$ cat data27.cif   # mmCIF, C-alpha atoms and all ligand atoms
data_my_file
#
loop_
_atom_site.label_atom_id
_atom_site.label_comp_id
_atom_site.auth_asym_id
_atom_site.auth_seq_id
_atom_site.Cartn_x
_atom_site.Cartn_y
_atom_site.Cartn_z
CA MET A 865 -15.69 12.70 13.71
CA SER A 866 -12.25 13.58 12.49
CA ASN A 867 -11.64 13.55 8.78
CA VAL A 868 -8.37 11.70 9.40
CA LEU A 869 -8.74 7.92 9.31
CA LEU A 870 -5.09 6.90 9.58
CA GLN A 871 -2.09 8.81 10.84
CA VAL A 872 1.38 7.32 10.91
CA LYS A 873 4.23 9.12 12.63
CA ASN A 874 7.90 8.27 12.33
CA LEU A 875 7.19 4.61 11.50
CA LYS A 876 10.31 2.44 11.49
CA LYS A 877 10.93 -1.20 10.81
CA TYR A 878 14.50 -2.35 11.29
CA TYR A 879 15.70 -5.93 10.93
CA PRO A 880 18.83 -6.61 12.99
CA ILE A 881 21.89 -8.03 11.24
CA ARG A 882 23.65 -10.56 13.46
CA ALA A 883 27.16 -11.92 13.07
CA GLY A 884 29.72 -14.10 14.81
CA LEU A 885 29.33 -16.93 17.27
CA THR A 886 27.47 -14.78 19.79
CA ARG A 887 25.04 -13.58 17.11
CA LYS A 888 25.84 -10.02 18.14
CA ILE A 889 23.84 -7.31 16.39
CA VAL A 890 26.25 -5.57 14.03
CA GLY A 891 23.79 -3.39 12.15
CA ASN A 892 20.24 -3.02 10.92
CA VAL A 893 18.41 -3.37 7.66
CA LYS A 894 16.32 -0.21 7.72
CA ALA A 895 13.36 -1.38 5.65
CA VAL A 896 11.20 1.54 6.83
CA ASP A 897 13.06 4.48 8.30
CA GLY A 898 10.78 7.22 9.57
CA VAL A 899 7.60 7.31 7.49
CA ASP A 900 4.97 9.95 8.25
CA LEU A 901 1.65 9.91 6.46
CA THR A 902 -1.95 10.89 6.97
CA ILE A 903 -4.86 9.31 5.13
CA TYR A 904 -8.24 11.03 5.07
CA ARG A 905 -11.59 9.25 5.09
CA GLY A 906 -12.79 8.31 1.64
CA GLU A 907 -9.53 8.98 -0.19
CA THR A 908 -7.09 6.71 -1.96
CA PHE A 909 -3.50 7.25 -0.97
CA GLY A 910 -1.05 5.71 -3.43
CA LEU A 911 2.32 4.58 -2.07
CA VAL A 912 4.83 4.02 -4.85
CA GLY A 913 8.45 3.00 -5.25
CA GLU A 914 10.78 0.40 -6.71
CA SER A 915 10.89 -3.04 -5.19
CA GLY A 916 12.77 -3.03 -1.88
CA CYS A 917 11.88 0.59 -1.03
CA GLY A 918 9.82 -0.42 2.01
CA LYS A 919 6.30 0.25 0.74
CA SER A 920 4.92 -3.23 1.47
CA THR A 921 6.69 -3.30 4.84
CA THR A 922 5.03 0.03 5.61
CA GLY A 923 1.59 -1.41 4.78
CA ARG A 924 2.16 -4.56 6.81
CA SER A 925 3.57 -2.60 9.76
CA ILE A 926 0.47 -0.39 9.78
CA LEU A 927 -1.64 -3.55 9.91
CA ARG A 928 0.72 -4.88 12.59
CA LEU A 929 1.24 -8.06 10.58
CA ILE A 930 4.86 -7.30 11.31
CA ALA A 931 5.82 -5.50 14.51
CA PRO A 932 7.09 -1.97 13.90
CA THR A 933 10.42 -1.08 15.53
CA ASP A 934 9.22 2.40 16.40
CA GLY A 935 6.59 4.98 15.57
CA GLU A 936 2.97 5.83 16.20
CA ILE A 937 -0.06 4.54 14.31
CA PHE A 938 -3.42 6.19 14.95
CA PHE A 939 -6.37 4.50 13.30
CA ASP A 940 -9.82 6.04 13.60
CA GLY A 941 -8.60 8.13 16.54
CA ARG A 942 -7.06 5.20 18.42
CA ASP A 943 -3.36 4.49 18.98
CA ILE A 944 -2.92 0.95 17.66
CA ALA A 945 0.89 0.75 17.61
CA SER A 946 1.12 -0.93 21.00
CA LEU A 947 -2.04 -3.06 20.99
CA SER A 948 -1.68 -6.77 21.72
CA ALA A 949 -2.49 -9.34 19.03
CA ARG A 950 -5.78 -10.02 20.83
CA GLU A 951 -6.72 -6.33 20.83
CA MET A 952 -5.71 -6.03 17.18
CA ARG A 953 -8.31 -8.66 16.26
CA HIS A 954 -11.04 -6.06 16.85
CA VAL A 955 -9.17 -3.53 14.72
CA TYR A 956 -9.06 -6.02 11.81
CA ARG A 957 -12.81 -5.66 11.43
CA ASP A 958 -12.14 -2.13 10.21
CA MET A 959 -8.80 -2.63 8.47
CA GLN A 960 -8.21 -5.27 5.81
CA LEU A 961 -5.48 -6.28 3.38
CA ILE A 962 -5.74 -7.24 -0.28
CA PHE A 963 -2.71 -9.25 -1.39
CA GLN A 964 -0.73 -9.08 -4.61
CA ASP A 965 -1.05 -12.80 -5.23
CA PRO A 966 -4.56 -13.86 -4.36
CA TYR A 967 -3.76 -17.50 -5.12
CA ALA A 968 -1.10 -17.61 -2.41
CA SER A 969 -3.47 -15.99 0.09
CA LEU A 970 -6.45 -18.30 -0.58
CA ASN A 971 -6.40 -21.78 0.94
CA PRO A 972 -6.70 -24.08 -2.12
CA ARG A 973 -8.57 -26.73 -0.12
CA LYS A 974 -11.47 -24.44 0.81
CA THR A 975 -14.38 -23.49 -1.38
CA VAL A 976 -14.83 -19.84 -2.24
CA GLU A 977 -17.88 -19.71 0.01
CA LYS A 978 -15.83 -20.93 2.99
CA LEU A 979 -13.00 -18.54 2.18
CA ILE A 980 -15.25 -15.50 2.06
CA ALA A 981 -17.24 -16.58 5.14
CA GLU A 982 -14.05 -17.20 7.17
CA PRO A 983 -13.54 -13.62 8.46
CA MET A 984 -17.19 -13.54 9.61
CA LEU A 985 -16.75 -16.89 11.35
CA VAL A 986 -13.54 -15.76 13.07
CA HIS A 987 -15.35 -12.70 14.42
CA ASN A 988 -18.40 -14.75 15.31
CA LEU A 989 -20.70 -12.65 13.16
CA TYR A 990 -24.11 -13.73 11.88
CA THR A 991 -25.86 -17.10 11.82
CA PRO A 992 -24.71 -19.71 9.24
CA ALA A 993 -27.67 -18.81 7.00
CA GLU A 994 -26.89 -15.09 7.24
CA ARG A 995 -23.25 -15.76 6.43
CA THR A 996 -24.20 -17.73 3.31
CA LYS A 997 -26.50 -14.90 2.24
CA ARG A 998 -23.73 -12.35 2.78
CA VAL A 999 -21.23 -14.47 0.83
CA HIS A 1000 -23.62 -14.57 -2.13
CA GLU A 1001 -24.14 -10.80 -1.88
CA LEU A 1002 -20.39 -10.22 -1.80
CA LEU A 1003 -19.82 -12.45 -4.82
CA GLU A 1004 -22.34 -10.37 -6.78
CA VAL A 1005 -20.80 -7.13 -5.54
CA VAL A 1006 -17.38 -8.08 -6.93
CA GLY A 1007 -18.81 -9.18 -10.27
CA LEU A 1008 -19.00 -12.95 -9.68
CA SER A 1009 -22.09 -15.12 -9.23
CA SER A 1010 -23.43 -16.97 -6.21
CA TYR A 1011 -22.83 -20.33 -7.93
CA HIS A 1012 -19.09 -19.59 -7.85
CA GLY A 1013 -19.24 -20.12 -4.08
CA SER A 1014 -19.05 -23.90 -4.39
CA ARG A 1015 -15.88 -23.83 -6.50
CA TYR A 1016 -12.22 -23.87 -5.48
CA PRO A 1017 -9.62 -21.12 -6.09
CA HIS A 1018 -7.77 -23.08 -8.81
CA GLU A 1019 -10.93 -23.04 -10.95
CA PHE A 1020 -10.67 -19.27 -11.42
CA SER A 1021 -8.53 -16.93 -13.52
CA GLY A 1022 -6.10 -14.49 -11.86
CA GLY A 1023 -8.57 -11.60 -12.16
CA GLN A 1024 -11.41 -13.66 -10.69
CA ARG A 1025 -9.20 -14.78 -7.83
CA GLN A 1026 -8.41 -11.16 -7.06
CA ARG A 1027 -12.17 -10.50 -7.00
CA ILE A 1028 -12.51 -13.31 -4.44
CA GLY A 1029 -9.74 -11.71 -2.37
CA ILE A 1030 -11.58 -8.38 -2.54
CA ALA A 1031 -14.89 -10.02 -1.49
CA ARG A 1032 -13.10 -11.59 1.48
CA ALA A 1033 -11.60 -8.22 2.45
CA LEU A 1034 -15.07 -6.61 2.27
CA ALA A 1035 -16.76 -9.28 4.40
CA LEU A 1036 -16.48 -7.34 7.67
CA HIS A 1037 -17.43 -3.89 6.26
CA PRO A 1038 -13.93 -2.42 6.76
CA LYS A 1039 -13.19 1.30 6.78
CA LEU A 1040 -9.65 1.01 5.43
CA ILE A 1041 -8.30 -1.42 2.86
CA ILE A 1042 -4.56 -1.72 2.37
CA ALA A 1043 -4.13 -3.02 -1.16
CA ASP A 1044 -0.59 -4.35 -1.62
CA GLU A 1045 0.14 -4.36 -5.37
CA PRO A 1046 -3.35 -5.79 -6.03
CA VAL A 1047 -3.07 -5.71 -9.81
CA SER A 1048 0.67 -6.24 -10.39
CA ALA A 1049 0.27 -9.96 -11.15
CA LEU A 1050 -2.60 -9.41 -13.62
CA ASP A 1051 -2.67 -8.79 -17.38
CA VAL A 1052 -2.99 -5.12 -18.32
CA SER A 1053 -6.55 -5.57 -19.64
CA ILE A 1054 -7.63 -7.24 -16.40
CA GLN A 1055 -5.80 -4.63 -14.31
CA SER A 1056 -8.15 -1.87 -15.42
CA GLN A 1057 -11.23 -4.00 -14.66
CA VAL A 1058 -10.02 -4.64 -11.11
CA LEU A 1059 -9.08 -0.97 -10.65
CA ASN A 1060 -12.55 0.07 -11.84
CA LEU A 1061 -14.12 -2.40 -9.43
CA LEU A 1062 -12.08 -0.99 -6.53
CA ARG A 1063 -13.20 2.53 -7.44
CA GLN A 1064 -16.83 1.45 -7.63
CA LEU A 1065 -16.62 -0.30 -4.26
CA GLN A 1066 -15.03 2.80 -2.74
CA ARG A 1067 -18.03 4.86 -3.81
CA ASP A 1068 -20.59 2.24 -2.75
CA PHE A 1069 -19.11 1.41 0.64
CA ASP A 1070 -17.29 4.62 1.69
CA LEU A 1071 -13.96 2.87 1.65
CA THR A 1072 -10.56 4.41 2.19
CA TYR A 1073 -7.59 2.83 0.42
CA LEU A 1074 -3.87 2.72 0.97
CA PHE A 1075 -2.88 1.51 -2.48
CA ILE A 1076 0.67 0.19 -2.80
CA ALA A 1077 2.26 -0.13 -6.24
CA HIS A 1078 5.70 -0.11 -7.87
CA ASP A 1079 4.50 1.80 -10.88
CA LEU A 1080 3.19 5.37 -11.11
CA SER A 1081 0.98 4.49 -14.08
CA VAL A 1082 -1.08 2.05 -11.97
CA VAL A 1083 -1.80 4.50 -9.14
CA LYS A 1084 -2.52 7.44 -11.45
CA HIS A 1085 -6.19 6.75 -12.03
CA ILE A 1086 -7.13 5.50 -8.61
CA SER A 1087 -5.22 7.80 -6.23
CA ASP A 1088 -6.15 11.18 -4.78
CA ARG A 1089 -2.75 11.72 -3.20
CA ILE A 1090 0.50 9.88 -3.71
CA GLY A 1091 3.64 9.30 -1.65
CA VAL A 1092 6.83 8.24 -3.41
CA MET A 1093 9.15 6.07 -1.32
CA TYR A 1094 12.85 5.53 -1.72
CA LEU A 1095 14.94 3.37 0.57
CA GLY A 1096 12.56 3.34 3.51
CA ARG A 1097 11.49 6.99 3.41
CA ILE A 1098 8.92 9.13 1.63
CA VAL A 1099 10.78 11.51 -0.67
CA GLU A 1100 7.78 13.26 -2.24
CA LEU A 1101 4.12 13.51 -1.29
CA SER A 1102 1.46 15.46 -3.08
CA ASP A 1103 -2.00 15.42 -4.59
CA LYS A 1104 -2.16 13.56 -7.87
CA LYS A 1105 -2.36 16.60 -10.15
CA ASN A 1106 0.73 18.29 -8.74
CA LEU A 1107 2.72 15.10 -8.66
CA TYR A 1108 2.08 14.20 -12.29
CA GLU A 1109 2.25 17.76 -13.65
CA LYS A 1110 5.01 19.20 -11.46
CA PRO A 1111 7.11 16.39 -10.00
CA MET A 1112 9.90 17.93 -7.93
CA HIS A 1113 12.10 15.13 -6.64
CA PRO A 1114 14.57 13.81 -9.24
CA TYR A 1115 13.52 10.25 -8.35
CA THR A 1116 9.84 10.99 -9.00
CA GLN A 1117 10.82 12.71 -12.26
CA ALA A 1118 12.69 9.57 -13.33
CA LEU A 1119 9.80 7.27 -12.40
CA LEU A 1120 7.33 9.49 -14.25
CA SER A 1121 9.47 9.65 -17.36
CA ALA A 1122 8.98 5.86 -17.65
CA VAL A 1123 5.17 6.07 -17.56
CA PRO A 1124 3.62 5.49 -21.01
CA VAL A 1125 1.42 8.38 -22.27
CA ALA A 1126 -1.16 8.68 -25.06
CA ASN A 1127 0.89 11.27 -26.96
CA PRO A 1128 4.58 10.28 -26.83
CA LYS A 1129 5.62 13.58 -28.50
CA ALA A 1130 4.34 15.52 -25.47
CA LYS A 1131 6.33 13.34 -23.11
CA PRO A 1132 9.62 14.50 -21.55
CA GLU A 1133 12.68 12.47 -22.42
CA ARG A 1134 13.06 9.24 -20.48
CA ILE A 1135 15.38 9.62 -17.50
CA LEU A 1136 17.26 6.38 -17.04
CA LEU A 1137 17.94 5.53 -13.43
CA GLU A 1138 21.45 4.16 -13.13
CA GLY A 1139 22.25 1.30 -10.80
CA ASP A 1140 19.97 -0.50 -8.38
CA VAL A 1141 18.36 0.70 -5.18
CA PRO A 1142 21.22 0.58 -2.63
CA SER A 1143 20.99 -1.92 0.21
CA PRO A 1144 18.91 -0.69 3.15
CA ALA A 1145 21.55 -2.44 5.32
CA ASN A 1146 24.07 0.11 4.16
CA PRO A 1147 22.26 3.18 2.84
CA PRO A 1148 24.32 5.99 1.31
CA GLN A 1149 25.19 8.94 3.56
CA GLY A 1150 23.23 12.17 3.10
CA CYS A 1151 20.49 11.86 0.51
CA ALA A 1152 20.02 8.13 -0.08
CA PHE A 1153 19.30 8.85 -3.76
CA HIS A 1154 22.55 10.77 -4.36
CA PRO A 1155 24.55 7.95 -6.07
CA ARG A 1156 21.84 7.79 -8.77
CA CYS A 1157 20.93 11.48 -8.99
CA SER A 1158 22.07 13.58 -11.95
CA ALA A 1159 21.47 16.78 -9.94
CA CYS A 1160 23.60 15.70 -6.97
CA MET A 1161 25.44 18.53 -5.16
CA ASP A 1162 28.12 18.39 -2.44
CA ILE A 1163 25.59 18.86 0.37
CA CYS A 1164 23.62 15.83 -0.88
CA LYS A 1165 26.50 13.50 0.01
CA THR A 1166 26.56 14.43 3.67
CA VAL A 1167 23.22 15.95 4.79
CA ARG A 1168 20.00 14.01 4.59
CA PRO A 1169 17.20 16.26 3.26
CA GLU A 1170 14.05 16.39 5.38
CA LEU A 1171 10.58 16.10 3.87
CA ARG A 1172 9.44 19.75 3.68
CA ASP A 1173 6.22 21.45 2.74
CA VAL A 1174 6.79 23.46 -0.44
CA GLY A 1175 3.18 24.70 -0.59
CA ASP A 1176 -0.24 23.38 -1.57
CA GLY A 1177 0.24 20.19 0.41
CA HIS A 1178 3.24 19.27 -1.74
CA PHE A 1179 6.13 17.84 0.29
CA VAL A 1180 9.58 17.02 -1.03
CA ALA A 1181 12.84 15.81 0.52
CA CYS A 1182 15.52 17.30 -1.72
CA HIS A 1183 18.21 19.98 -1.29
CA LEU A 1184 17.28 21.52 -4.64
CA TYR A 1185 14.31 23.11 -2.84
CA ASN A 1186 16.03 24.26 0.35
CA ASN A 1187 15.03 27.88 -0.29
FE1 LIG B 1 19.43 14.66 -5.89
FE2 LIG B 1 20.52 16.07 -3.92
FE3 LIG B 1 17.91 16.16 -4.30
FE4 LIG B 1 19.05 13.97 -3.35
S1 LIG B 1 18.97 15.96 -2.35
S2 LIG B 1 17.53 14.07 -4.92
S3 LIG B 1 20.97 13.94 -4.46
S4 LIG B 1 19.50 16.88 -5.71
#

$ encode --input "data27.cif" --output "structure tokens"
Amino acid sequence: MSNVLLQVKNLKKYYPIRAGLTRKIVGNVKAVDGVDLTIYRGETFGLVGESGCGKSTTGRSILRLIAPTDGEIFFDGRDIASLSAREMRHVYRDMQLIFQDPYASLNPRKTVEKLIAEPMLVHNLYTPAERTKRVHELLEVVGLSSYHGSRYPHEFSGGQRQRIGIARALALHPKLIIADEPVSALDVSIQSQVLNLLRQLQRDFDLTYLFIAHDLSVVKHISDRIGVMYLGRIVELSDKKNLYEKPMHPYTQALLSAVPVANPKAKPERILLEGDVPSPANPPQGCAFHPRCSACMDICKTVRPELRDVGDGHFVACHLYNN
């Protein structure tokens, strides 16, 4: 069995821009523009970037919740990029999503027991009695109690609702969980409880995570490797230690300078990012980060840097490291 669980090659998701009476396509919003990544069994891969950088679209394209424009997606040795919706149903047993806002993803009219049992019902798994037993097990596993099963989502706090979302995602014994900003909507104190739970579940159930976040401080403790996205592309990818200790891309350096640390005196000066992320409908020429980069050179304005291996599994897309 290969150690690689998920491999994504040149993934693209473009949204056409139409104009005029004939609704002619006049351009594309390049939400994801050539993402390559490999996720190994049992690891947590953190995917980070500001809002609008394409990280959530990447996660949803991998799950085929939105149809990719181009690219290859190999999951557990199988090419899933061109599977029909019907064929994808089988893949969803092994690949699940945890949402940022569990309240929006949980039907308010269904009890928690029904919500957690639903994926098993859809896949026609187990007898009704076995499903109930499994729901109660899952509630315990995520730190709730079996009596919570008869309640409705609105009766729970944000953290508890996220636990329900996690129990639902675990119902089919998945191999990969794509967690799309799973703690962003929670209070900081609750965030660490949910992150600890995810780590515990990973150990107990051999899970692999693609963990999407907009903040490098959130992914720090849970990730083994991290990819930093900017305007639809990965600009730096490395194991956690290298990324936090030796960030190379000016964008990663700026994001890291904003992460709070225990000893502020040991922290490098905050690098303020000027301006907003440019529109993916009209990305800057050359390096997409160049209008905001304090190290910008002439070449950066015309030539797009490729993501290159600079050693030790550390990849960076920046002309500062051309040699
Ligand atoms: Fe900055 Fe140039 Fe590197 Fe882009 S390629 S991050 S503009 S130095």

$ residues_near_ligand --input "data27.cif" --ligand "ligand LIG 1 (chain B)" --cutoff "8 Å" --atoms "only C-alpha atoms and all ligand atoms" --output "list of chain:residue names"
A:His1113, A:Pro1114, A:Tyr1115, A:Gly1150, A:Cys1151, A:Ala1152, A:Phe1153, A:His1154, A:Pro1155, A:Arg1156, A:Cys1157, A:Ser1158, A:Ala1159, A:Cys1160, A:Met1161, A:Ile1163, A:Cys1164, A:Lys1165, A:Arg1168, A:Pro1169, A:Ala1181, A:Cys1182, A:His1183, A:Leu1184, A:Tyr1185

$ closest_atom_pairs --input "data27.cif" --of "stretch 940-984 of chain A" --to "stretch 872-881 of chain A" --cutoff "12 Å" --atoms "all atoms listed in the file" --output "CSV"
residue,atom,partner,partner_atom,distance
A:Asp940,CA,A:Val872,CA,11.6
A:Gly941,CA,A:Val872,CA,11.5
A:Arg942,CA,A:Val872,CA,11.5
A:Asp943,CA,A:Val872,CA,9.8
A:Ile944,CA,A:Val872,CA,10.2
A:Ala945,CA,A:Val872,CA,9.4

$ closest_residue --input "data27.cif" --among "A:Gln964, A:Asp1068, A:Phe1020, A:Ser1087" --to "A:Leu1050" --atoms "all atoms listed in the file"
A:Gln964

$ atom_distance --input "data27.cif" --atom1 "atom CA of A:Lys1105" --atom2 "atom CA of A:Ser915"
24.2 Å

$ residues_around --input "data27.cif" --residues "A:Leu1074" --least-positions-apart "4" --cutoff "6 Å" --atoms "only C-alpha atoms" --output "NGL selection string"
:A and (908-909 or 1042)

$ atom_distance --input "data27.cif" --atom1 "atom CA of A:Ile962" --atom2 "atom CA of A:Ile903"
17.4 Å

$ closest_residue --input "data27.cif" --among "A:Phe1075, A:Tyr904, A:Phe963, A:Phe939" --to "A:Ala1033" --atoms "all atoms listed in the file"
A:Phe963

$ residues_near_point --input "data27.cif" --point "(-6.0, -6.0, 3.4)" --cutoff "9 Å" --atoms "only C-alpha atoms" --output "ChimeraX atom specification"
/A:923-924,927,956,959-963,1029-1030,1033,1040-1044

$ closest_residue --input "data27.cif" --among "A:Pro1147, A:Gly1023, A:Pro1038, A:Gly1139" --to "A:Thr1072" --atoms "only C-alpha atoms"
A:Pro1038

$ atom_distance --input "data27.cif" --atom1 "atom CA of A:Ala1077" --atom2 "atom CA of A:Val912"
5.1 Å

$ closest_residue --input "data27.cif" --among "A:Asn1106, A:Thr996, A:Ser948, A:Ser1048" --to "A:Leu979" --atoms "all atoms listed in the file"
A:Thr996

$ residues_around --input "data27.cif" --residues "A:Arg998" --least-positions-apart "3" --cutoff "10 Å" --atoms "all atoms listed in the file" --output "list in words"
Glu977, Ile980, Ala981, Met984, Tyr990, Pro992, Ala993, Glu994, Arg995, Glu1001, Leu1002, Leu1003, Glu1004 and Ala1035 of chain A

$ closest_residue --input "data27.cif" --among "A:Lys1104, A:His1018, A:Lys1084, A:Arg1063" --to "A:His1178" --atoms "only C-alpha atoms"
A:Lys1104

$ closest_residue --input "data27.cif" --among "A:Ser1021, A:Glu1109, A:Val1006, A:Tyr1011" --to "A:Leu1062" --atoms "only C-alpha atoms"
A:Val1006

$ residues_near_point --input "data27.cif" --point "(11.3, 4.3, -10.7)" --cutoff "8 Å" --atoms "only C-alpha atoms" --output "list in words"
Gly913, Glu914, His1078, Asp1079, Tyr1115, Thr1116, Ala1118, Leu1119, Leu1120, Ala1122 and Leu1137 of chain A

$ axis_aligned_box --input "data27.cif" --around "stretch 967-972 of chain A" --padding-each-side "3 Å" --output "JSON"
{"center_x": -3.9, "center_y": -20.0, "center_z": -2.1, "size_x": 11.6, "size_y": 14.1, "size_z": 12.1}

$ residues_around --input "data27.cif" --residues "A:Ser1143" --least-positions-apart "5" --cutoff "10 Å" --atoms "all atoms listed in the file" --output "MDAnalysis selection string"
chainID A and resid 893:895 916:917 1095 1148

$ write_last_selection --input "data27.cif" --atoms "C-alpha atoms" --output "short mmCIF file (atom, residue, chain, number, x, y, z; two decimals), in the coordinates of the input"
data_model
loop_
_atom_site.label_atom_id
_atom_site.label_comp_id
_atom_site.auth_asym_id
_atom_site.auth_seq_id
_atom_site.Cartn_x
_atom_site.Cartn_y
_atom_site.Cartn_z
CA VAL A 893 18.41 -3.37 7.66
CA LYS A 894 16.32 -0.21 7.72
CA ALA A 895 13.36 -1.38 5.65
CA GLY A 916 12.77 -3.03 -1.88
CA CYS A 917 11.88 0.59 -1.03
CA LEU A 1095 14.94 3.37 0.57
CA PRO A 1148 24.32 5.99 1.31
#

$ residues_around --input "data27.cif" --residues "A:Pro1017" --least-positions-apart "3" --cutoff "8 Å" --atoms "all atoms listed in the file" --output "MDAnalysis selection string"
chainID A and resid 967 970:972 974:976 1020 1025

$ residues_around --input "data27.cif" --residues "A:Met1112" --least-positions-apart "5" --cutoff "8 Å" --atoms "only C-alpha atoms" --output "PyMOL selection string"
chain A and resi 1100+1107+1117+1180

$ build_atoms --input "data27.cif" --residues "stretch 910-925 of chain A" --atoms "N, CA, C and O atoms" --output "short mmCIF file (atom, residue, chain, number, x, y, z; two decimals), in the frame of the given file"
data_model
loop_
_atom_site.label_atom_id
_atom_site.label_comp_id
_atom_site.auth_asym_id
_atom_site.auth_seq_id
_atom_site.Cartn_x
_atom_site.Cartn_y
_atom_site.Cartn_z
N GLY A 910 -1.94 6.62 -2.71
CA GLY A 910 -1.05 5.71 -3.43
C GLY A 910 0.35 5.78 -2.83
O GLY A 910 0.86 6.86 -2.57
N LEU A 911 0.95 4.63 -2.59
CA LEU A 911 2.32 4.58 -2.07
C LEU A 911 3.15 3.82 -3.11
O LEU A 911 2.89 2.66 -3.40
N VAL A 912 4.15 4.54 -3.67
CA VAL A 912 4.83 4.02 -4.85
C VAL A 912 6.34 4.00 -4.65
O VAL A 912 6.89 4.87 -3.96
N GLY A 913 6.99 3.04 -5.26
CA GLY A 913 8.45 3.00 -5.25
C GLY A 913 8.93 1.68 -5.83
O GLY A 913 8.15 0.74 -5.97
N GLU A 914 10.22 1.64 -6.16
CA GLU A 914 10.78 0.40 -6.71
C GLU A 914 10.74 -0.71 -5.67
O GLU A 914 10.60 -0.43 -4.47
N SER A 915 10.93 -1.93 -6.13
CA SER A 915 10.89 -3.04 -5.19
C SER A 915 12.04 -2.89 -4.19
O SER A 915 13.14 -2.45 -4.54
N GLY A 916 11.75 -3.16 -2.93
CA GLY A 916 12.77 -3.03 -1.88
C GLY A 916 12.79 -1.66 -1.24
O GLY A 916 13.63 -1.39 -0.37
N CYS A 917 11.84 -0.76 -1.61
CA CYS A 917 11.88 0.59 -1.03
C CYS A 917 11.17 0.66 0.32
O CYS A 917 11.23 1.67 1.00
N GLY A 918 10.47 -0.40 0.69
CA GLY A 918 9.82 -0.42 2.01
C GLY A 918 8.33 -0.17 1.98
O GLY A 918 7.69 -0.09 3.03
N LYS A 919 7.74 -0.08 0.79
CA LYS A 919 6.30 0.25 0.74
C LYS A 919 5.42 -0.87 1.30
O LYS A 919 4.48 -0.61 2.06
N SER A 920 5.73 -2.12 0.94
CA SER A 920 4.92 -3.23 1.47
C SER A 920 5.15 -3.40 2.97
O SER A 920 4.21 -3.67 3.73
N THR A 921 6.40 -3.20 3.41
CA THR A 921 6.69 -3.30 4.84
C THR A 921 5.93 -2.21 5.59
O THR A 921 5.44 -2.44 6.70
N THR A 922 5.81 -1.03 4.98
CA THR A 922 5.03 0.03 5.61
C THR A 922 3.58 -0.42 5.79
O THR A 922 3.01 -0.31 6.88
N GLY A 923 2.99 -0.96 4.71
CA GLY A 923 1.59 -1.41 4.78
C GLY A 923 1.39 -2.49 5.82
O GLY A 923 0.46 -2.44 6.63
N ARG A 924 2.31 -3.44 5.86
CA ARG A 924 2.16 -4.56 6.81
C ARG A 924 2.45 -4.11 8.24
O ARG A 924 1.89 -4.67 9.19
N SER A 925 3.32 -3.12 8.41
CA SER A 925 3.57 -2.60 9.76
C SER A 925 2.35 -1.85 10.27
O SER A 925 2.01 -1.93 11.45
#
